[in-house]
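Source file target_30.pdb; content: PDB, C-alpha atoms, pLDDT in the B column.
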MODEL        1
ATOM      1  CA  MET A   1     -89.036-121.514-123.806  1.00 63.00           C
ATOM      2  CA  PRO A   2     -91.005-124.500-122.497  1.00 80.00           C
ATOM      3  CA  PHE A   3     -90.399-126.824-125.443  1.00 95.00           C
ATOM      4  CA  GLY A   4     -90.355-130.609-125.162  1.00 96.00           C
ATOM      5  CA  LYS A   5     -87.871-132.994-126.715  1.00 97.00           C
ATOM      6  CA  ARG A   6     -90.402-135.015-128.742  1.00 98.00           C
ATOM      7  CA  ILE A   7     -93.210-132.702-129.814  1.00 98.00           C
ATOM      8  CA  LEU A   8     -96.425-133.720-131.573  1.00 98.00           C
ATOM      9  CA  ILE A   9     -98.249-131.001-133.507  1.00 98.00           C
ATOM     10  CA  LEU A  10    -101.979-131.683-133.773  1.00 98.00           C
ATOM     11  CA  ALA A  11    -102.885-130.225-137.171  1.00 98.00           C
ATOM     12  CA  ALA A  12    -106.624-129.973-137.680  1.00 97.00           C
ATOM     13  CA  HIS A  13    -105.876-129.361-141.370  1.00 97.00           C
ATOM     14  CA  PRO A  14    -102.695-129.420-143.435  1.00 97.00           C
ATOM     15  CA  ASP A  15    -101.366-125.825-143.182  1.00 96.00           C
ATOM     16  CA  ASP A  16    -102.190-125.338-139.479  1.00 97.00           C
ATOM     17  CA  GLU A  17     -98.683-126.454-138.576  1.00 98.00           C
ATOM     18  CA  VAL A  18     -97.337-123.536-140.633  1.00 97.00           C
ATOM     19  CA  VAL A  19     -99.939-120.925-139.710  1.00 97.00           C
ATOM     20  CA  ALA A  20     -99.639-121.539-135.984  1.00 97.00           C
ATOM     21  CA  SER A  21     -96.060-122.457-135.364  1.00 97.00           C
ATOM     22  CA  ALA A  22     -93.584-122.369-138.265  1.00 97.00           C
ATOM     23  CA  ALA A  23     -91.075-120.240-136.349  1.00 97.00           C
ATOM     24  CA  ALA A  24     -91.668-122.034-133.046  1.00 98.00           C
ATOM     25  CA  ILE A  25     -90.838-125.290-134.832  1.00 98.00           C
ATOM     26  CA  GLY A  26     -87.494-123.813-135.846  1.00 97.00           C
ATOM     27  CA  ARG A  27     -86.762-122.583-132.329  1.00 97.00           C
ATOM     28  CA  ALA A  28     -87.670-125.946-130.799  1.00 97.00           C
ATOM     29  CA  ARG A  29     -85.498-127.807-133.300  1.00 96.00           C
ATOM     30  CA  ALA A  30     -82.605-125.474-132.500  1.00 95.00           C
ATOM     31  CA  GLN A  31     -82.959-126.645-128.893  1.00 95.00           C
ATOM     32  CA  GLY A  32     -82.684-130.263-129.982  1.00 95.00           C
ATOM     33  CA  ALA A  33     -86.353-131.232-130.245  1.00 97.00           C
ATOM     34  CA  GLU A  34     -87.773-133.706-132.724  1.00 97.00           C
ATOM     35  CA  ILE A  35     -91.023-132.459-134.255  1.00 98.00           C
ATOM     36  CA  PHE A  36     -93.854-134.710-135.381  1.00 98.00           C
ATOM     37  CA  ALA A  37     -97.228-133.813-136.893  1.00 98.00           C
ATOM     38  CA  LEU A  38    -100.531-135.676-136.934  1.00 98.00           C
ATOM     39  CA  TYR A  39    -102.871-134.435-139.673  1.00 98.00           C
ATOM     40  CA  LEU A  40    -106.404-135.029-138.420  1.00 98.00           C
ATOM     41  CA  THR A  41    -108.271-134.148-141.625  1.00 97.00           C
ATOM     42  CA  HIS A  42    -107.153-134.153-145.248  1.00 97.00           C
ATOM     43  CA  GLY A  43    -108.018-130.449-145.385  1.00 95.00           C
ATOM     44  CA  CYS A  44    -110.619-130.507-148.162  1.00 95.00           C
ATOM     45  CA  ILE A  45    -114.332-130.083-147.499  1.00 95.00           C
ATOM     46  CA  ALA A  46    -116.595-133.097-147.993  1.00 94.00           C
ATOM     47  CA  GLU A  47    -117.256-134.002-151.618  1.00 95.00           C
ATOM     48  CA  GLU A  48    -121.011-133.532-151.286  1.00 94.00           C
ATOM     49  CA  THR A  49    -120.431-129.976-150.070  1.00 94.00           C
ATOM     50  CA  MET A  50    -118.589-128.935-153.234  1.00 93.00           C
ATOM     51  CA  TRP A  51    -120.162-127.536-156.372  1.00 93.00           C
ATOM     52  CA  PRO A  52    -121.319-130.492-158.511  1.00 93.00           C
ATOM     53  CA  TRP A  53    -118.976-129.607-161.385  1.00 93.00           C
ATOM     54  CA  ALA A  54    -115.953-129.583-159.059  1.00 89.00           C
ATOM     55  CA  ARG A  55    -116.493-133.059-157.626  1.00 93.00           C
ATOM     56  CA  LYS A  56    -114.863-134.972-160.485  1.00 92.00           C
ATOM     57  CA  ASN A  57    -111.466-133.679-159.322  1.00 92.00           C
ATOM     58  CA  TYR A  58    -112.048-134.422-155.652  1.00 96.00           C
ATOM     59  CA  GLN A  59    -109.392-137.095-155.152  1.00 96.00           C
ATOM     60  CA  ALA A  60    -106.871-134.952-157.020  1.00 96.00           C
ATOM     61  CA  ARG A  61    -107.592-132.081-154.627  1.00 95.00           C
ATOM     62  CA  ILE A  62    -106.959-134.321-151.637  1.00 96.00           C
ATOM     63  CA  ALA A  63    -103.722-135.626-153.158  1.00 97.00           C
ATOM     64  CA  ARG A  64    -102.564-132.084-153.892  1.00 97.00           C
ATOM     65  CA  ARG A  65    -103.185-130.947-150.310  1.00 97.00           C
ATOM     66  CA  ARG A  66    -101.210-133.888-148.956  1.00 97.00           C
ATOM     67  CA  ALA A  67     -98.349-133.246-151.365  1.00 98.00           C
ATOM     68  CA  GLU A  68     -98.240-129.637-150.174  1.00 98.00           C
ATOM     69  CA  ALA A  69     -98.165-130.785-146.546  1.00 98.00           C
ATOM     70  CA  GLU A  70     -95.344-133.206-147.281  1.00 98.00           C
ATOM     71  CA  GLU A  71     -93.327-130.442-148.940  1.00 98.00           C
ATOM     72  CA  ALA A  72     -93.941-128.094-146.003  1.00 98.00           C
ATOM     73  CA  ALA A  73     -92.911-130.866-143.610  1.00 98.00           C
ATOM     74  CA  ARG A  74     -89.621-131.279-145.453  1.00 98.00           C
ATOM     75  CA  LEU A  75     -88.969-127.550-145.314  1.00 98.00           C
ATOM     76  CA  LEU A  76     -89.682-127.378-141.579  1.00 98.00           C
ATOM     77  CA  ASN A  77     -88.110-130.761-140.728  1.00 97.00           C
ATOM     78  CA  ILE A  78     -91.351-132.262-139.440  1.00 97.00           C
ATOM     79  CA  ILE A  79     -92.000-136.004-139.321  1.00 98.00           C
ATOM     80  CA  PRO A  80     -95.643-136.871-140.200  1.00 98.00           C
ATOM     81  CA  THR A  81     -97.159-139.553-137.956  1.00 97.00           C
ATOM     82  CA  GLY A  82    -100.492-140.001-139.732  1.00 96.00           C
ATOM     83  CA  TRP A  83    -102.807-138.760-142.455  1.00 97.00           C
ATOM     84  CA  SER A  84    -106.537-138.851-141.800  1.00 96.00           C
ATOM     85  CA  PRO A  85    -109.085-139.532-144.584  1.00 95.00           C
ATOM     86  CA  ARG A  86    -111.511-137.293-142.671  1.00 96.00           C
ATOM     87  CA  PRO A  87    -112.752-134.180-144.530  1.00 97.00           C
ATOM     88  CA  ALA A  88    -112.441-130.696-143.067  1.00 96.00           C
ATOM     89  CA  ARG A  89    -115.392-129.482-140.975  1.00 95.00           C
ATOM     90  CA  HIS A  90    -115.939-133.046-139.740  1.00 95.00           C
ATOM     91  CA  LEU A  91    -113.312-133.319-137.008  1.00 96.00           C
ATOM     92  CA  TRP A  92    -115.608-131.831-134.384  1.00 96.00           C
ATOM     93  CA  GLN A  93    -118.168-134.510-135.239  1.00 96.00           C
ATOM     94  CA  GLU A  94    -115.669-137.391-134.875  1.00 96.00           C
ATOM     95  CA  LEU A  95    -113.821-136.518-131.698  1.00 97.00           C
ATOM     96  CA  ASP A  96    -113.652-140.046-130.303  1.00 97.00           C
ATOM     97  CA  HIS A  97    -111.815-141.269-133.404  1.00 96.00           C
ATOM     98  CA  ALA A  98    -109.500-138.245-133.357  1.00 97.00           C
ATOM     99  CA  TYR A  99    -108.754-138.831-129.669  1.00 97.00           C
ATOM    100  CA  ASN A 100    -107.764-142.410-130.397  1.00 97.00           C
ATOM    101  CA  ASP A 101    -105.513-141.251-133.244  1.00 97.00           C
ATOM    102  CA  ILE A 102    -103.789-138.807-130.880  1.00 98.00           C
ATOM    103  CA  ARG A 103    -103.284-141.453-128.204  1.00 97.00           C
ATOM    104  CA  ALA A 104    -101.778-143.828-130.742  1.00 97.00           C
ATOM    105  CA  SER A 105     -99.276-141.245-131.994  1.00 98.00           C
ATOM    106  CA  ILE A 106     -98.297-140.233-128.461  1.00 98.00           C
ATOM    107  CA  GLY A 107     -97.524-143.830-127.598  1.00 97.00           C
ATOM    108  CA  SER A 108     -95.830-144.814-130.852  1.00 97.00           C
ATOM    109  CA  TYR A 109     -93.542-141.780-130.995  1.00 98.00           C
ATOM    110  CA  ARG A 110     -92.891-141.360-127.239  1.00 97.00           C
ATOM    111  CA  ILE A 111     -94.249-137.810-127.277  1.00 98.00           C
ATOM    112  CA  ASP A 112     -93.568-135.551-124.304  1.00 97.00           C
ATOM    113  CA  GLN A 113     -95.347-132.396-125.504  1.00 98.00           C
ATOM    114  CA  LEU A 114     -98.457-131.604-127.554  1.00 98.00           C
ATOM    115  CA  TRP A 115     -99.070-128.471-129.613  1.00 98.00           C
ATOM    116  CA  ALA A 116    -102.724-127.792-130.372  1.00 98.00           C
ATOM    117  CA  PRO A 117    -104.818-124.996-131.900  1.00 98.00           C
ATOM    118  CA  ALA A 118    -106.340-122.500-129.469  1.00 98.00           C
ATOM    119  CA  TYR A 119    -109.992-122.469-128.472  1.00 98.00           C
ATOM    120  CA  GLU A 120    -110.674-119.150-130.179  1.00 97.00           C
ATOM    121  CA  GLY A 121    -113.575-119.589-132.612  1.00 96.00           C
ATOM    122  CA  GLY A 122    -111.415-119.489-135.707  1.00 95.00           C
ATOM    123  CA  ASN A 123    -112.519-122.878-136.954  1.00 96.00           C
ATOM    124  CA  ALA A 124    -114.851-125.468-135.436  1.00 97.00           C
ATOM    125  CA  ASP A 125    -112.292-128.231-136.025  1.00 98.00           C
ATOM    126  CA  HIS A 126    -109.629-126.210-134.197  1.00 98.00           C
ATOM    127  CA  ASP A 127    -111.896-125.664-131.207  1.00 98.00           C
ATOM    128  CA  ALA A 128    -112.810-129.347-130.984  1.00 97.00           C
ATOM    129  CA  LEU A 129    -109.179-130.413-131.296  1.00 98.00           C
ATOM    130  CA  ASN A 130    -108.272-128.081-128.442  1.00 98.00           C
ATOM    131  CA  ALA A 131    -110.801-129.922-126.272  1.00 98.00           C
ATOM    132  CA  ALA A 132    -109.339-133.294-127.259  1.00 98.00           C
ATOM    133  CA  ALA A 133    -105.835-132.064-126.438  1.00 98.00           C
ATOM    134  CA  SER A 134    -107.009-130.853-123.034  1.00 97.00           C
ATOM    135  CA  LEU A 135    -107.518-134.488-121.974  1.00 97.00           C
ATOM    136  CA  PHE A 136    -103.741-135.013-122.089  1.00 97.00           C
ATOM    137  CA  LYS A 137    -102.628-131.968-120.113  1.00 96.00           C
ATOM    138  CA  ASP A 138    -102.249-133.932-116.869  1.00 94.00           C
ATOM    139  CA  GLN A 139    -100.064-136.527-118.598  1.00 94.00           C
ATOM    140  CA  LEU A 140     -97.685-134.372-120.622  1.00 95.00           C
ATOM    141  CA  SER A 141     -96.959-130.744-121.428  1.00 96.00           C
ATOM    142  CA  THR A 142     -99.698-129.330-123.686  1.00 97.00           C
ATOM    143  CA  LEU A 143     -99.419-125.962-125.414  1.00 98.00           C
ATOM    144  CA  GLU A 144    -102.068-124.141-127.435  1.00 98.00           C
ATOM    145  CA  PHE A 145    -101.209-121.792-130.306  1.00 98.00           C
ATOM    146  CA  ALA A 146    -103.330-118.829-131.356  1.00 97.00           C
ATOM    147  CA  GLU A 147    -103.966-118.698-135.103  1.00 96.00           C
ATOM    148  CA  TYR A 148    -106.824-116.317-135.913  1.00 95.00           C
ATOM    149  CA  ASN A 149    -110.090-115.090-134.406  1.00 96.00           C
ATOM    150  CA  PHE A 150    -112.740-112.400-134.758  1.00 96.00           C
ATOM    151  CA  ALA A 151    -113.043-111.255-131.149  1.00 96.00           C
ATOM    152  CA  GLY A 152    -114.625-107.822-130.857  1.00 95.00           C
ATOM    153  CA  GLY A 153    -115.552-107.886-134.546  1.00 95.00           C
ATOM    154  CA  THR A 154    -111.911-107.424-135.574  1.00 94.00           C
ATOM    155  CA  THR A 155    -109.467-109.782-137.280  1.00 94.00           C
ATOM    156  CA  HIS A 156    -106.767-110.997-134.888  1.00 94.00           C
ATOM    157  CA  SER A 157    -103.752-113.008-136.016  1.00 94.00           C
ATOM    158  CA  HIS A 158    -101.629-114.852-133.423  1.00 96.00           C
ATOM    159  CA  GLU A 159    -103.407-113.223-130.497  1.00 96.00           C
ATOM    160  CA  PHE A 160    -105.670-114.945-127.981  1.00 97.00           C
ATOM    161  CA  PRO A 161    -109.169-113.479-127.503  1.00 96.00           C
ATOM    162  CA  GLU A 162    -108.413-113.236-123.777  1.00 95.00           C
ATOM    163  CA  ALA A 163    -104.927-113.252-122.279  1.00 95.00           C
ATOM    164  CA  ASN A 164    -104.360-114.992-118.954  1.00 95.00           C
ATOM    165  CA  GLY A 165    -100.754-113.936-118.342  1.00 95.00           C
ATOM    166  CA  SER A 166     -99.109-117.201-119.367  1.00 96.00           C
ATOM    167  CA  GLU A 167     -98.664-116.300-123.030  1.00 96.00           C
ATOM    168  CA  GLU A 168     -95.325-116.525-124.782  1.00 96.00           C
ATOM    169  CA  ILE A 169     -94.864-114.107-127.688  1.00 96.00           C
ATOM    170  CA  LEU A 170     -92.287-114.957-130.326  1.00 96.00           C
ATOM    171  CA  SER A 171     -91.218-112.021-132.494  1.00 97.00           C
ATOM    172  CA  LEU A 172     -89.970-113.509-135.730  1.00 97.00           C
ATOM    173  CA  THR A 173     -86.553-112.625-137.093  1.00 97.00           C
ATOM    174  CA  PRO A 174     -86.241-111.632-140.767  1.00 97.00           C
ATOM    175  CA  ASP A 175     -85.025-115.153-141.585  1.00 97.00           C
ATOM    176  CA  GLU A 176     -87.963-116.714-139.728  1.00 97.00           C
ATOM    177  CA  ILE A 177     -90.403-114.421-141.530  1.00 97.00           C
ATOM    178  CA  ASP A 178     -88.929-115.429-144.865  1.00 97.00           C
ATOM    179  CA  LYS A 179     -89.118-119.125-144.043  1.00 97.00           C
ATOM    180  CA  LYS A 180     -92.700-118.888-142.787  1.00 97.00           C
ATOM    181  CA  ARG A 181     -93.747-117.059-145.947  1.00 95.00           C
ATOM    182  CA  ARG A 182     -92.096-119.758-148.066  1.00 96.00           C
ATOM    183  CA  ALA A 183     -93.891-122.447-146.080  1.00 96.00           C
ATOM    184  CA  LEU A 184     -97.231-120.684-146.506  1.00 96.00           C
ATOM    185  CA  ALA A 185     -96.595-120.298-150.225  1.00 95.00           C
ATOM    186  CA  ILE A 186     -96.277-124.078-150.541  1.00 96.00           C
ATOM    187  CA  TYR A 187    -100.008-124.337-149.842  1.00 96.00           C
ATOM    188  CA  LYS A 188    -101.034-122.971-153.206  1.00 94.00           C
ATOM    189  CA  SER A 189    -104.400-124.728-152.946  1.00 91.00           C
ATOM    190  CA  GLU A 190    -105.174-122.533-149.919  1.00 89.00           C
ATOM    191  CA  LYS A 191    -103.830-119.258-151.277  1.00 82.00           C
ATOM    192  CA  GLY A 192    -107.270-117.637-151.179  1.00 78.00           C
ATOM    193  CA  ASN A 193    -107.751-118.567-147.518  1.00 82.00           C
ATOM    194  CA  LEU A 194    -104.403-117.591-146.015  1.00 83.00           C
ATOM    195  CA  GLY A 195    -104.408-113.845-146.542  1.00 82.00           C
ATOM    196  CA  TYR A 196    -105.253-113.266-142.880  1.00 82.00           C
ATOM    197  CA  VAL A 197    -101.997-114.855-141.680  1.00 88.00           C
ATOM    198  CA  ARG A 198     -99.445-112.392-140.354  1.00 90.00           C
ATOM    199  CA  THR A 199     -95.797-113.337-140.065  1.00 93.00           C
ATOM    200  CA  ALA A 200     -94.444-110.889-137.485  1.00 95.00           C
ATOM    201  CA  ARG A 201     -95.158-113.043-134.431  1.00 96.00           C
ATOM    202  CA  GLU A 202     -96.418-116.316-133.017  1.00 97.00           C
ATOM    203  CA  CYS A 203     -98.163-116.803-129.705  1.00 97.00           C
ATOM    204  CA  TRP A 204     -98.746-119.774-127.423  1.00 97.00           C
ATOM    205  CA  ARG A 205     -99.386-120.717-123.804  1.00 97.00           C
ATOM    206  CA  PRO A 206    -100.082-123.778-121.660  1.00 97.00           C
ATOM    207  CA  ILE A 207    -103.545-124.929-122.658  1.00 97.00           C
ATOM    208  CA  ALA A 208    -106.096-122.972-120.647  1.00 97.00           C
ATOM    209  CA  ALA A 209    -109.002-124.365-118.611  1.00 95.00           C
ATOM    210  CA  TYR A 210    -111.991-123.608-120.841  1.00 97.00           C
ATOM    211  CA  ASP A 211    -115.709-123.951-120.335  1.00 97.00           C
ATOM    212  CA  TYR A 212    -116.348-125.691-123.629  1.00 97.00           C
ATOM    213  CA  SER A 213    -120.091-125.397-123.150  1.00 97.00           C
ATOM    214  CA  GLN A 214    -119.656-121.694-123.908  1.00 96.00           C
ATOM    215  CA  ARG A 215    -118.627-119.935-127.109  1.00 96.00           C
ATOM    216  CA  PRO A 216    -114.898-119.148-127.298  1.00 97.00           C
ATOM    217  CA  HIS A 217    -115.685-115.451-127.078  1.00 97.00           C
ATOM    218  CA  PRO A 218    -118.755-113.193-127.245  1.00 94.00           C
ATOM    219  CA  GLY A 219    -119.960-111.992-130.618  1.00 93.00           C
ATOM    220  CA  ILE A 220    -119.483-113.411-134.086  1.00 96.00           C
ATOM    221  CA  LEU A 221    -116.924-116.172-134.460  1.00 97.00           C
ATOM    222  CA  TRP A 222    -114.546-116.270-137.421  1.00 95.00           C
ATOM    223  CA  TYR A 223    -116.377-119.091-139.173  1.00 96.00           C
ATOM    224  CA  GLU A 224    -119.756-117.389-138.615  1.00 96.00           C
ATOM    225  CA  ARG A 225    -118.834-114.227-140.503  1.00 94.00           C
ATOM    226  CA  PHE A 226    -120.516-115.178-143.792  1.00 94.00           C
ATOM    227  CA  GLN A 227    -123.323-117.398-142.574  1.00 93.00           C
ATOM    228  CA  TRP A 228    -125.772-114.714-143.714  1.00 93.00           C
ATOM    229  CA  VAL A 229    -125.296-116.045-147.264  1.00 93.00           C
ATOM    230  CA  PRO A 230    -128.797-117.338-148.192  1.00 91.00           C
ATOM    231  CA  PHE A 231    -127.604-120.507-149.939  1.00 89.00           C
ATOM    232  CA  ARG A 232    -125.099-123.264-149.178  1.00 88.00           C
ATOM    233  CA  HIS A 233    -121.919-121.832-150.636  1.00 92.00           C
ATOM    234  CA  PRO A 234    -119.016-124.323-150.385  1.00 91.00           C
ATOM    235  CA  ARG A 235    -116.620-121.715-149.041  1.00 90.00           C
ATOM    236  CA  VAL A 236    -118.908-120.827-146.137  1.00 90.00           C
ATOM    237  CA  ASP A 237    -118.880-123.037-143.050  1.00 91.00           C
ATOM    238  CA  PHE A 238    -122.448-123.120-141.751  1.00 94.00           C
ATOM    239  CA  THR A 239    -121.492-125.020-138.597  1.00 95.00           C
ATOM    240  CA  GLN A 240    -123.310-123.654-135.555  1.00 96.00           C
ATOM    241  CA  PRO A 241    -121.138-122.966-132.487  1.00 96.00           C
ATOM    242  CA  GLU A 242    -123.824-124.350-130.188  1.00 96.00           C
ATOM    243  CA  GLY A 243    -123.626-127.672-132.009  1.00 97.00           C
ATOM    244  CA  VAL A 244    -119.848-127.725-131.650  1.00 97.00           C
ATOM    245  CA  SER A 245    -120.063-126.987-127.923  1.00 97.00           C
ATOM    246  CA  ALA A 246    -122.653-129.709-127.427  1.00 97.00           C
ATOM    247  CA  ALA A 247    -120.479-132.243-129.268  1.00 97.00           C
ATOM    248  CA  ILE A 248    -117.425-131.280-127.216  1.00 98.00           C
ATOM    249  CA  VAL A 249    -119.278-131.530-123.901  1.00 97.00           C
ATOM    250  CA  LYS A 250    -120.630-134.980-124.762  1.00 97.00           C
ATOM    251  CA  PHE A 251    -117.165-136.094-125.823  1.00 97.00           C
ATOM    252  CA  LEU A 252    -115.541-134.851-122.622  1.00 97.00           C
ATOM    253  CA  ASP A 253    -118.253-136.439-120.499  1.00 95.00           C
ATOM    254  CA  ARG A 254    -117.362-139.800-122.040  1.00 94.00           C
ATOM    255  CA  HIS A 255    -113.655-139.438-121.289  1.00 92.00           C
ATOM    256  CA  ILE A 256    -113.419-137.541-117.995  1.00 86.00           C
ATOM    257  CA  THR A 257    -113.863-139.796-114.997  1.00 68.00           C
TER     258      THR A 257
ENDMDL
END
Could I get this file's structure written as structure tokens?
Amino acid sequence: MPFGKRILILAAHPDDEVVASAAAIGRARAQGAEIFALYLTHGCIAEETMWPWARKNYQARIARRRAEAEEAARLLNIIPTGWSPRPARHLWQELDHAYNDIRASIGSYRIDQLWAPAYEGGNADHDALNAAASLFKDQLSTLEFAEYNFAGGTTHSHEFPEANGSEEILSLTPDEIDKKRRALAIYKSEKGNLGYVRTARECWRPIAAYDYSQRPHPGILWYERFQWVPFRHPRVDFTQPEGVSAAIVKFLDRHIT
């Protein structure tokens, strides 16, 4: 397996490190790798997006999500390199800052391999982070991990919308399944959002060459599924894929010479 010796996981939100790669982390550690994780949002939506009556507990929600991430990191033997104060659903709007955070961690921890979420339309922050990671692929090994997508109008877990032949499929052992389930269970604050996660396999590949000006796949993306709701429900991400693509393209134009 093409694992590095000093691996940095780019977690768009606390729990992505578990969803995408809990078993792969174990396999890489068994080969002698040190695993680090950079958490690029605190995982909670912006305070102004929440129901008014829920906002009084906002800081407690953030603290709880971080505590869960720290517990999961201990279970998986991950070393956190940074905790962003950025809310979820904002990473794609702040790519320059995220890029600088990634560069700093790579340099400080002598990273030789990045693990990033796939460009698959599961979450706008994931897709943007994939684009940021792509800027490093000529400098160090960069892998992308499939998490979830809605290609073809069907839920897919740990399966890329389009295979290109370079995928690695990890079939989890019973012990790995048990450990991944325990790691997922740590994120009690996200229990209602993690039901889609399957634990039979994980899937990754060298980061592909994407046209980020285009949607990750035809049809409805995962985060678009409930945008028909006629009011701003906090649990629905109303981000438009065209806006994400435009932000990514502008970001890449600033950094690709």
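Here atom CA of Tyr210 of chain A and atom CA of Phe160 of chain A stand 12.9 Å from one another.
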Task: Expected selection from the PyMOL selection byres ((chain A and resi 193-196) around 8), given as a list in words - done: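 Output of the PyMOL selection byres ((chain A and resi 193-196) around 8): Tyr148, Thr155, Ser157, Leu184, Glu190, Lys191, Gly192, Val197 and Arg198 of chain A.
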Excluding Arg215 of chain A and its own-chain neighbours fewer than 5 positions away, which residues fall within 12 Å of it when counting all atoms listed in the file? Please give them as a compact mmCIF listing (two decimals) with C-alpha atoms, in the frame of the given file.
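Contents of the output file part_29.txt:
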# COMPACT_ATOMS: atom_id res chain seq x y z
CA TYR A 119 -109.99 -122.47 -128.47
CA GLU A 120 -110.67 -119.15 -130.18
CA GLY A 121 -113.58 -119.59 -132.61
CA GLY A 122 -111.42 -119.49 -135.71
CA ASN A 123 -112.52 -122.88 -136.95
CA ALA A 124 -114.85 -125.47 -135.44
CA ASP A 127 -111.90 -125.66 -131.21
CA ALA A 128 -112.81 -129.35 -130.98
CA ALA A 151 -113.04 -111.26 -131.15
CA PRO A 161 -109.17 -113.48 -127.50
CA TYR A 210 -111.99 -123.61 -120.84
CA ILE A 220 -119.48 -113.41 -134.09
CA LEU A 221 -116.92 -116.17 -134.46
CA TRP A 222 -114.55 -116.27 -137.42
CA GLU A 224 -119.76 -117.39 -138.62
CA GLN A 240 -123.31 -123.65 -135.56
CA PRO A 241 -121.14 -122.97 -132.49
CA GLU A 242 -123.82 -124.35 -130.19
CA GLY A 243 -123.63 -127.67 -132.01
CA VAL A 244 -119.85 -127.72 -131.65
CA SER A 245 -120.06 -126.99 -127.92
CA ALA A 246 -122.65 -129.71 -127.43
CA ILE A 248 -117.42 -131.28 -127.22
TODO: Give me, please, the distance in Å between atom CA of Ile79 of chain A and atom CA of Arg6 of chain A, quoted to one decimal.
DONE: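 Atom-to-atom, atom CA of Ile79 of chain A to atom CA of Arg6 of chain A, that is 10.7 Å.
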TODO: Please write as a count of residues only the full residue list that the PyMOL selection byres ((chain A and resi 83-88) around 7) yields on this file.
DONE: 14
- [ ] Using atom CA of Arg27 of chain A and atom CA of Tyr99 of chain A as the two end points, give the distance in Å to one decimal.
- [x]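 So the answer is 27.5 Å.
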Open item on the list: Let me make sure I understand: among A:Ser213, A:Thr239, A:Asn77, A:Ser21, which one has the smallest atom-to-atom distance to Ala131 of chain A if we use all atoms listed in the file?
Closed with: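 Going through A:Ser213, A:Thr239, A:Asn77, A:Ser21 one by one, the smallest distance to Ala131 of chain A is for A:Ser213.
The list of residues with at least one atom within 8 Å of segment 62-72 of chain A, based on all atoms listed in the file and without residues fewer than 2 positions apart in the same chain, reads Pro14, Asp15, Val18, His42, Gly43, Cys44, Tyr58, Gln59, Ala60, Arg74, Leu75, Leu76, Pro80, Ala183, Ile186, Tyr187, Lys188 and Ser189 of chain A.
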Task: Test item: residues at most 7 Å from Ile78 of chain A, all atoms listed in the file, excluding those fewer than 6 positions along its chain, as a PyMOL selection string - done: chain A and resi 35-37
